[in-house]
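One structure is given below, encoded as structure tokens.
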Amino acid sequence: MVRSESEHTMAEVVLFHHAQGLTPGVEAFAAELRRAGHTVHVPDLYEGHVFGTLEEGIAYASRTGFSAIAERGVAAADQLGGGLVYAGFSLGVVPAQRLAQTREDAEGALLFHSCLPVTEFGEAWPTGLPVQVHGMDGDPFFVGDGDLDAAKELTAGTEGAELFVYSGDQHLFADSSLPSYVPAAADLLAGRVVQFLNGLR
């Protein structure tokens, strides 16, 4: 089969949802990346549960077990094969970052609203693996929980690593179905992500 030029430039992404579940906003974000020509898989780590508030979602994740949810993410990725870009919103960053750091065939990582210390999953960020981290400078989770510091540490001196900090105090600002949605920042984030994916191949 002869591959067309467009197929060569297409990335394959697995996108993990945040603590409120697989919301219409997460689906809409995936659709935006698909419109740009990329393949996007959006596994449901909550088995159909979607929550109206972050607090309810975190309570569910806590009851289910954060590690159990991360394992569902890893299992979902395992079914897709290799050569993937691992992306996650907030809670979804846990399986995304773990997979990016531990799969030798990872193509890239996109970490939204969250970032864990690199040492959670290895000694250093994998050499040559491109990554973007996005978060708001006034987000109490991103700043207060140490994610911004972890992101600065990850991206400092790491080739192909970018940190984008937006002004504002919303956590899930890129989810168009939530009250925390900030259209201008979300559009900027989406544009940067598409550019990242377009540049991989």
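Each chain of the structure tokens is named A, B, ... in the order shown, its residues numbered from 1; ligands are numbered from 1 in display order.
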Can you tell me which residues surround A:Val13 at a distance of at most 9 Å, considering only C-alpha atoms, apart from same-chain residues fewer than 2 positions away, and format the answer as a PyMOL selection string? chain A and resi 11+15+38-42+83-87+108+197
Quick one: which stretch 106-180 of chain A residues come within 7 Å of stretch 22-34 of chain A, and what is the nearest atom pair for each with the distance in Å to one decimal, counting only C-alpha atoms, rows ordered by chain and ascending number, as CSV?
```
residue,atom,partner,partner_atom,distance
A:Asp175,CA,A:Gly25,CA,4.5
A:Ser176,CA,A:Gly25,CA,4.6
A:Ser177,CA,A:Gly25,CA,4.5
```
Just write the chosen residues, N, CA and C atoms, as an mmCIF file, in the first residue's frame.
```cif
data_model
loop_
_atom_site.group_PDB
_atom_site.id
_atom_site.type_symbol
_atom_site.label_atom_id
_atom_site.label_comp_id
_atom_site.auth_asym_id
_atom_site.auth_seq_id
_atom_site.Cartn_x
_atom_site.Cartn_y
_atom_site.Cartn_z
ATOM 1 N N ASP A 175 -11.183 22.566 28.793
ATOM 2 C CA ASP A 175 -12.373 21.723 28.627
ATOM 3 C C ASP A 175 -13.579 22.623 28.378
ATOM 4 N N SER A 176 -14.054 22.636 27.133
ATOM 5 C CA SER A 176 -15.122 23.563 26.726
ATOM 6 C C SER A 176 -16.476 23.259 27.352
ATOM 7 N N SER A 177 -16.605 22.112 28.035
ATOM 8 C CA SER A 177 -17.894 21.765 28.636
ATOM 9 C C SER A 177 -17.981 22.148 30.114
#
```
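By only C-alpha atoms, and with residues fewer than 5 positions from stretch 155-172 of chain A along its chain excluded, the set lying at most 8 Å from it is A:Phe89, A:Ser90, A:His113, A:Trp125, A:Thr127, A:Gly128, A:Leu129, A:Pro130, A:Val131, A:Gln132, A:Val133, A:His134, A:Gly135, A:Met136, A:Asp137, A:Gly138, A:Asp139, A:Pro140, A:Phe141, A:Phe142, A:Leu178, A:Ser180, A:Tyr181, A:Val182, A:Ala185.
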DSSP strand (DSSP E or B) residues within stretch 7-198 of chain A, listed as a PyMOL selection string: chain A and resi 12-16+18+21+39-41+50+85-89+108-112+131-136+161-166
Interatomic distance (Å, one decimal) between atom CA of A:Leu45 and atom CA of A:Ala184: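 So the two atoms, atom CA of A:Leu45 and atom CA of A:Ala184, lie 28.3 Å apart.
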Find the residues around A:Val94 up to 9 Å (only C-alpha atoms counted), leave out those fewer than 3 positions away in its own chain, and share them as number ranges by chain. A: 16, 66-67, 70, 73, 88, 90-91, 97-99, 114-116
Using DSSP on the backbone coordinates, identify the residues of stretch 34-94 of chain A assigned to alpha helix (DSSP H); present them as number ranges by chain. A: 34-35, 54-64, 66-78, 93-94
Quick one: of A:Gly146, A:Pro95, A:Gly52, A:Pro43, who's nearest to A:Ala68, counting only C-alpha atoms?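 Among A:Gly146, A:Pro95, A:Gly52, A:Pro43, it is A:Pro95 that comes nearest to A:Ala68.
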Find, counting only C-alpha atoms, the residue in A:Gly81, A:Gly199, A:Gly21, A:Gly122 that gets nearest to A:Ile69.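 When distances to A:Ile69 are compared using only C-alpha atoms, the smallest one comes from A:Gly21.
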